[in-house]
Every structure is written in C-alpha cells, then in structure tokens.
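This report refers to the structure that appears directly beneath it.
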Amino acid sequence: MSRVDDVTAEHPDTTLDQPREAGPATAEHRRLAESDDPKAPWRRWGPYVSGRQWGTVREDYSADGDAWAYLPFEQSHLRAYRWGEDGLAGLCDVEGFLNLGLVLWNGRDDRLKERYFGLTNPQGNHGEDVKEYWWAVEGTPTHSYARWLYRYPQAAFPYEELVRVNGERGVHDEEYELADTGVLDEDRFFDVEVVHAKGRPSDVCVEITATNHGPEAAPLHLLPHLWFRNTWSWGLDDRRPLLRQVGAPGEQVAVLAEHHELGQVLVQAEGAPEVLFCDNETNLAAVYGDDALPADYTAYPKDAVNRAVVHGQTDACNPERRGTKMAFWWRFEAVPPGESVTVRLRLTELSGRPDPSTGFGEVLARRAAECEEFYAAVLPEGTDPEDALIARRAFAGLQWGKQLYLYDVTRWLEGDPGQPPPPAERLQGRNRHWTHVNLAEVISMPDEWEYPWFATWDLAFHCVPLAHVDPWFAKYQLLLMCREWAMNPNGQLAAYEWNFSDVNPPVHPWAAWQVYAIDGNRDRDFLQRIVLKMLLNFPWWVNRKDPEGSNIFEGGFLGMDNVGLFDRSETLPDGQRLEQADATAWMGMFCLRMLRMSMELAREDPAWDEVATKFLVHFLAIAQAMEDVGTGHISLWDAEDEFFHDVLVDEQGHTFRMPVRSMVGLLPLTGVSLVPNWVAHELPDLTDFFDGWTRRRPELADALLHTNHRGYSLRTLSMCDKGQWYAVVRHLLDEGEFLSPHGIRSLSAAHREGVEIDLHGKHMSLQYVPGESDSGMFGGNSNWRGPVWMPVNALLVDALRSYGRAAGAGQTVEMPTGSGRRVSLEQVADEIEDRLVGIFRPGPDGRRPSTPRHHPAGPLWDAHPTFSEYFHGDTGAGLGAAHQTGWTALVAHFVCARGGLPNR
C-alpha cells in the first residue's frame, strides 16, 4: 500500500519518491515473497480456465474470419478446443494440462450447464452479451483461497427465448436478459458457491455448496468435471494422458490423472458419487456425420457425460472407467427450500502429498482467516467496511480474471498436420503480420466471457490495482506485453486478439510508473526494462502516426470506439487525415512518463540523463504543436469554445475543427507531470538543459511552469497553459456537461440534442447517449457517447492531483461549475474519486447505482457489487460487459490510495 499524507504533499523534498519499507508479513505476503516466477509453486494451480473458448479468434479456422459462426455455442459441448478450455469456476495448472470445473444440471435443462451462455455479436442489439449471473467473491493473489458464486435457475434455461427475443429488438430497445424471462421469479434458483483452498501449493481443497433460495424443494445434480486439455489430436504430439478410477470398492472415490508433463495427480471425492468417463475429443458423427469416421475415432467423445445424464444414454460413457475426461456425479432429488447441499474434492499432486493430519475443514478455515489478515494489511486503516467490501470484490475479480492464454499465430495460420489444411484465404487474413506471437502465459483478461483474450491497454490499467496486492504479477504482465514473442519487431504493442494491428492508447509507461510507485519506488530493474522496451515502442508511434512530422498525432481508433462523428479507425477519403487531440495528448503523456522514469534511473546511472533530455525535448515540441496545425494554422485548441478538438486536414492543408466536446478534448489535461526538487541537485546536466532550453525558446514557457508555494519551488510540465487548463476544468466540472454524480462522462451532456455537420457533401451527426449506444459504428457493443469509463477517469484524477500539487497549488476552482463553491484541484480529484467509488456503494434502499437494470432488487442481489465495463452517464447503472472487473477494478486502487500516490 502506498499513500501520501498532507505533510508529504506540502514537503516534496523530504519524502516524495523515496523507497518505502517492504509490505507487512502476513502469511499471504510470505507466500508472495516466494512466488516471483510464473511457475512458482504457489502459482502452479489457479482459476486459469477461460470463461469462454468458443467463438474466439484462436478457435476460428474459417476462410472469412467469422469466429462466432465457426465454433458456436451450440457446438461447444461437441467439439474439442485447439487452444484452451472453458468452464465454470475452472481450476487448472499453470500450463492448462489438467482442468477441474463445476458442472450442474437441474433436471430440466436440455444440456448440462458446463459453461456460460451468451449472445454472439450479431444476435442482439448489444451483442457479445453473456446471459448469466455470477460473482467473484474472494481471492488471494497466490490463489491460496478463492470463492466464487453462481446463480443457477431451477427452471429450464431459456436458451432459445433469449436468442429469439434479443434478435427481434432494435438499438432503441433494452436488452432481453435472463431475469426478464421470469425463470428467476420468487428466487427460484440455486446459489452455488465454489471455494478453493490450498493446503500446500500442490494440494487444493475444493468445496461446492448449493443453496435453494426458492419456495419449494428442487432437484439438483452436481457433476464437477475433470479433464485434460486435448494436445494429442493435432498431429504434433500423440502422447495421450489418462484418467482412471483407482482404489478398491468401498473406499473413497478417487481418480488418478497421469500426464507426461504434469506427472500424477490424485483427485479424491468425499461421499459416494458415481463416476462417468469419456474422452475430450470431438463428436465427429454429431458435428460432421457418420460418413468418414477415422479408425481411431473414440466411442466416447466429449459430450458423452451430457448424453448419459441428460438423455439417459446408459452406454454413452466408457464402462472401463478410463479416458481423458470424467465427471463425479452427485444427485440430490429434492433440496428443501432454504437448505444447502455440499460436496468436496481434493486435488493433490502425488509428488507433494498433503500432510494427512491437515483436515479439509482446517485448510478452509485457516486460508479464510489468512485472507482476512491479508486484506486488513492491504487496505488503509479505517477504511469504511462497505468500501473495503467493494475493493475486495474488485481484487477478487482480478484474481478470477487471470486466464491461460495459448496462441501460436504461425501454427494457427498454417494449420496442424493432423487436421485438414485451413483455407488459403487465412494467410491473407487476421493477424498475418504477427507471426512472431507465440504465447503460453497466464494473462490478466478484461473479463471472463465477453473479452476472454488480452487487450494491452486494458491490461495496463489492470496492473495498477494488481500492484496493491501482487506487485510481481503486475510488473510481469507489463513486461510480458513487451517481450519479443508478443511485441512486434517494428515496436508496436499488440492491441487485442481480433486485430493485433489496431491502435490502442500508449498507456504502458503511465501504468508502469504507477506500479513502480505503488511497489515502493524501489524496483529499478523493472523500471529499466520497461523504459528500454518503450524506447522501441515510441519510434513506432512517431514514424507511423505522425507522417507529417508535425508532432501532432493521428492514431485512429485509440480505444475510443464511437466517440466521434465518424469511425476514426477507417481510412479517410481523398487524402484527408485527422489530427487527433487525444492521440497527441497520449503521446505527450508518453513523453512525460518516459522523462520521469529516465530521471529516476539517472539518479543511479548518469547515462539515463540523455534519455531524459530526449523525452523532454519531444514533449516540449508536442506541447508547442498543439497550438498550430496545417497550413491554415488552425489549432487543436478552440479559443472561443475553450476546448480541444480533433482537426480534419485535407490534401491542400485546409482544416476543419470537429465541433464535439468529448473525452478527446479532456485528455490533454493528462499531459502533466511534476519535476521532483531533487533533480536540481542530483541531475545537474538535465537541470542546465531545462534552464538553457527555456531561455533559448521562451515560447515554450507555457509548457514549463514554475510555481512557488509554501516556500517550495516546483516545476510543472504541462501540455496546456494555465488558461487552457482551467478553461477545460470548467467544462469538466460542469454538471450540464461532463460531471455526473458517478464520475466524468465520455461525451458532454451539452450534446443531448445532438451535433450535426455537413462535410464535403456528407451529413454526419452525434448525440449524447448516457446508456447503450444507438450506433453500430464500432462493433455495435461499445459506447463512448456518454457513459462513465473507469480508466480515463483514473487518468484525469491523477492529472488533477498532480497539477494541484504544483502549478495549481494554492488555487481553487468551482465544483460544480457555477455553484460558487470553490475547492482545490486536489479536492476535486478526491471528490471525483469518491463519486467513482460511490457507484458501488448501497443507496438508501440498499440498491447500488452500479447494479445493472436487469438485476432484480432484494438482498440476495443487492449484496453483490457488479463491476461492469462502463456506467450510465446519468444513473451510474452498469452497462456493457457485466463482469469486466479488469479496468473497472481501478475502484480498488481508489480505495487503497486515498489522496493519491507520491508525486509523479
């Protein structure tokens, strides 16, 4: 944990940026100290199984790149996956060889509940929308203790109805959700909680408890599945692992898993469940027909357990009780209302058997107590209990969001020798310029289902809250994206699986500095490695996204989806180009973070002085260029509107400023950084350059601000001069524009009536939409036209606090604008942060603003904060992906770092 008190804020010479003491020595902290390797013993087993593997790019071998259609949900229980596995509350080893997941059946569904169900992108007005309810309840970073809760209907799951009704609805209709179907009325559902607790790194206790919340007794079948990832069907390695039942009749039910890499793993089940065995292989007959089945085709394919249980096919499973997939089958014919049933499994690597004296219950109790101890040390003393719950749930979501990601792009493009050759069109299709990518890593994912693949800028934001609980993992993730098997040889960072070549904002340096500070300002090895990699990434931006050499950047998509009047990712006609205020701001922030990190490294190695100077010069050039674009000399800054805007430039250099107030124009505020006072006496060369350069270039004075406050001389680097800063802040804090009760909106609410322009004969319009977008401009499931997004709010809060400590010290602004109430910029940052945390706090009626509309009311629902992708700009209701505790977990960072981190 890292915080700054008032003394630190007032006396930056004495305490800021100094290495701090190591964290507290709780049992979990001691385990973390032993776990600075991706394959460290305590990290060997974890919830690394994806929430969805079907419909992903990795599993798509089609000619047209339609991943949703190539392996749809309807075939997910029939076809073996090539690059991963999916399941409910999945547990696996760090290489994903052996998987254990929850499977349920209520006696009414037409299939076992093995995985989450949701709509594909074309199937509804939102698309890519999961239709299930579950929550990550608890999680420690070494996965020594974890809890997860799933809400399972007692009626038949309405698969067809959800697809049909959503397909009938348009963009102006609300989505049709599971609760809307009526199957959850009168609380007719089971809450199924899964607990993982490690006795030792190689000994995992798994407890599954199902509680009937309905008014009547109801049947339930618990069928946790154990299976090997299929590595033998592709013609690359024909070694087959084996699951087989062991032990004499009458003894505890046990299954031995034997694997050529993993070794032997014993899974024991309490009680007397029935065991069913099959093979994790495609049911070729069901998918492709009976015409050409190979000689070695298994008689017991992947869906055999489903056919045995749901359809009563008694001969579906292997009578010899062996295979590569199996289920433990407990049947509860009538669970009384309000009652619970519990089953237990214990997974143990035989190379590290548990201490026989350590009972199952003792392991659960001890790890639960240690989890409490750990978070008591992580959270600031005196944290409100509700805020502590919010932060812990966010941290839990991050732990459950770690997924094993396997993707060898060259192998994927060319196909496997044991399979039919893929269509030739693939070699000219998606990700063909990324053949170096070969990942087999546990990676922090945006969410379990809608985005079960890494996105580099999402991941950078994940690492900030992760650093409060697991700094090693946070640093490892940031560095992983820069390794040669992920980063493009040209220096570009991979964007996301659907298009690695897309352009995401360069937030890596910002996140790296945050992580460094949270971890105590002491890991210079990490800092140096990041800076070296960013020295490769920076030229890619300069060479590819500033073709005119003007220091004004284009970028295109930049994560902002449909915030503009047109799709910025598309090539503009007739040689036009869009000079982007946000792209330029991102690059200014990039320079400042690199400058700050280089200064830090120069304290011990003077060679970094010259790197710092390079980024200072580039930042000053960008700051100056913000004032001058194109031959028409139109600035990104609109003096009349007092806001920054994108500018369209045609081939002749004529310019047109886009008349939209959006997050694009707020981001220049983030181009701010303080120069620590120790620079003056520790880095004399850089100090001389600072002074000499500004004497020679007085026009840069606006970008390098000197402030004297309470006896301390502070330097502030800013892309905006003071007049621009406070003008943009007036818009930012206007409740009729960006300031909502729940944070900062992505589009000004002043555009409620819309903005319309005619440009080169083409009519374009845009309107503030606080909820789901009514535009399909960018994929149909993303909305930057009004809602509150946590990551950009975090950047703005950081910028407000930094500016307020130096250039803005001793000055006040109106909050809200026009209210007459004046506060400091640091107070503004605190209050915005409080509004963001407040999204998840219960209101007077017990309902949390963040709770999605479709969640029913009542204590069974209100007890659980939901961490959505973004939030309604007026009400705060959760929107988009309903389990994106990725960047939305920044709320935990706000709770842990009240008042901000040390001066950046």
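If you're wondering about the labels, chains in the structure tokens are A, B, ... by order shown, residues count from 1 in each chain, ligands from 1 in order shown.
When the distance limit is 8 Å and only C-alpha atoms are what count, the residues near Val649 of chain A, minus those fewer than 3 positions from it on the same chain, are Gln576, Arg577, Leu578, Glu579, Gly630, Gln652, Gly653, His654, Thr655 and Phe656 of chain A.
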Could the residues in this selection be saved with C-alpha atoms as a compact mmCIF listing (two decimals), in the first residue's frame?
# COMPACT_ATOMS: atom_id res chain seq x y z
CA GLN A 576 -7.66 13.60 -45.77
CA ARG A 577 -6.22 12.95 -42.34
CA LEU A 578 -7.49 13.55 -38.82
CA GLU A 579 -5.15 15.30 -36.41
CA GLY A 630 -1.78 22.59 -41.06
CA GLN A 652 -4.34 21.12 -49.69
CA GLY A 653 -3.82 21.72 -45.96
CA HIS A 654 -7.26 23.21 -45.37
CA THR A 655 -8.54 22.43 -41.91
CA PHE A 656 -11.87 21.83 -40.20
Close residues, segment 118-122 of chain A itself excluded, 12 Å, only C-alpha atoms, min 4 positions apart in chain, as a PyMOL selection string: chain A and resi 51-52+54-56+66-74+126-133+157-170+175-178+448-451+776+778-782+881-882
For the alpha helix (DSSP H) assignment from backbone DSSP, which residues of segment 497-544 of chain A qualify? Please present them as number ranges by chain. A: 508-518, 524-544
Val275 of chain A environment, 9 Å, only C-alpha atoms, sequence neighbours closer than 5 positions dropped, as a list in words: Gln245, Val253, Arg321, Met326, Ala327, Phe328 and Trp329 of chain A
Taking only C-alpha atoms into account, which of A:Trp725, A:Trp45, A:Tyr145, A:Tyr61 comes nearest Arg367 of chain A?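 Answer, going by the shortest atom-to-atom distance: A:Tyr145.
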Assign secondary structure with DSSP using the backbone only, and return the residues of segment 495-680 of chain A in strand (DSSP E or B) as a PyMOL selection string. chain A and resi 496+499+577-579+629+634+637-638+643-644+647-649+655-657+662+672-675
Please list as a PyMOL selection string every residue within 6 Å of segment 383-399 of chain A, counting only C-alpha atoms and excluding residues in the same chain fewer than 2 positions away. chain A and resi 136-139+380-381+401-402+885+889+892
Would you mind telling me which residue in A:Asp582, A:Arg593, A:Phe526, A:Asp36 lies nearest to His508 of chain A when using only C-alpha atoms? A:Arg593
Segment 341-349 of chain A surroundings by only C-alpha atoms, 6 Å radius, close-in-sequence under 4 positions cut, as a ChimeraX atom specification: /A:202-210,265-270
Keeping only N, CA and C atoms, take the residues you just selected and write them out as a tab-separated table (two decimals), in the first residue's frame.
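As a result, part-v3.tsv now contains:
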chain	number	residue	atom	x	y	z
A	202	SER	N	0.69	-27.86	-3.90
A	202	SER	CA	0.26	-28.99	-4.74
A	202	SER	C	-0.95	-29.70	-4.17
A	203	ASP	N	-1.67	-29.05	-3.27
A	203	ASP	CA	-2.79	-29.68	-2.58
A	203	ASP	C	-3.94	-28.68	-2.52
A	204	VAL	N	-4.99	-28.90	-3.32
A	204	VAL	CA	-6.09	-27.95	-3.42
A	204	VAL	C	-7.39	-28.59	-2.96
A	205	CYS	N	-7.99	-28.00	-1.95
A	205	CYS	CA	-9.30	-28.44	-1.47
A	205	CYS	C	-10.39	-27.65	-2.19
A	206	VAL	N	-11.38	-28.34	-2.72
A	206	VAL	CA	-12.46	-27.70	-3.46
A	206	VAL	C	-13.78	-28.06	-2.81
A	207	GLU	N	-14.52	-27.05	-2.38
A	207	GLU	CA	-15.82	-27.27	-1.75
A	207	GLU	C	-16.90	-26.60	-2.58
A	208	ILE	N	-17.97	-27.34	-2.87
A	208	ILE	CA	-19.09	-26.82	-3.68
A	208	ILE	C	-20.34	-26.90	-2.82
A	209	THR	N	-20.98	-25.74	-2.60
A	209	THR	CA	-22.19	-25.69	-1.79
A	209	THR	C	-23.30	-25.04	-2.59
A	210	ALA	N	-24.43	-25.72	-2.69
A	210	ALA	CA	-25.58	-25.20	-3.42
A	210	ALA	C	-26.73	-24.96	-2.45
A	265	VAL	N	-1.54	-36.85	-10.65
A	265	VAL	CA	-2.39	-36.03	-9.79
A	265	VAL	C	-3.56	-36.89	-9.34
A	266	LEU	N	-3.81	-36.90	-8.05
A	266	LEU	CA	-4.92	-37.68	-7.49
A	266	LEU	C	-6.05	-36.73	-7.13
A	267	VAL	N	-7.26	-37.03	-7.56
A	267	VAL	CA	-8.43	-36.25	-7.20
A	267	VAL	C	-9.38	-37.16	-6.45
A	268	GLN	N	-9.63	-36.82	-5.19
A	268	GLN	CA	-10.48	-37.63	-4.32
A	268	GLN	C	-11.80	-36.91	-4.06
A	269	ALA	N	-12.86	-37.68	-3.97
A	269	ALA	CA	-14.19	-37.13	-3.75
A	269	ALA	C	-14.77	-37.71	-2.47
A	270	GLU	N	-15.31	-36.83	-1.62
A	270	GLU	CA	-15.99	-37.30	-0.42
A	270	GLU	C	-17.34	-37.90	-0.80
If we count only C-alpha atoms and set the cut-off at 10 Å, which residues sit around Trp513 of chain A, ignoring sequence neighbours fewer than 4 positions away in its own chain? Please answer as a list in words.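 Contacts, with the query itself left out: Val464, His508, Pro509, Ala517, Ile518, Asp519, Asn521, Leu527, Ile530, Arg593, Met594, Arg596, Met597 and Arg904 of chain A.
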Can you tell me how far atom CA of Val192 of chain A sits from atom CA of His213 of chain A, in Å to one decimal?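 Atom CA of His213 of chain A lies 10.6 Å from atom CA of Val192 of chain A.
Distances here use only C-alpha atoms; by that measure, the residue among A:Ser775, A:Arg847, A:Trp541, A:Phe461 closest to Trp789 of chain A is A:Phe461.
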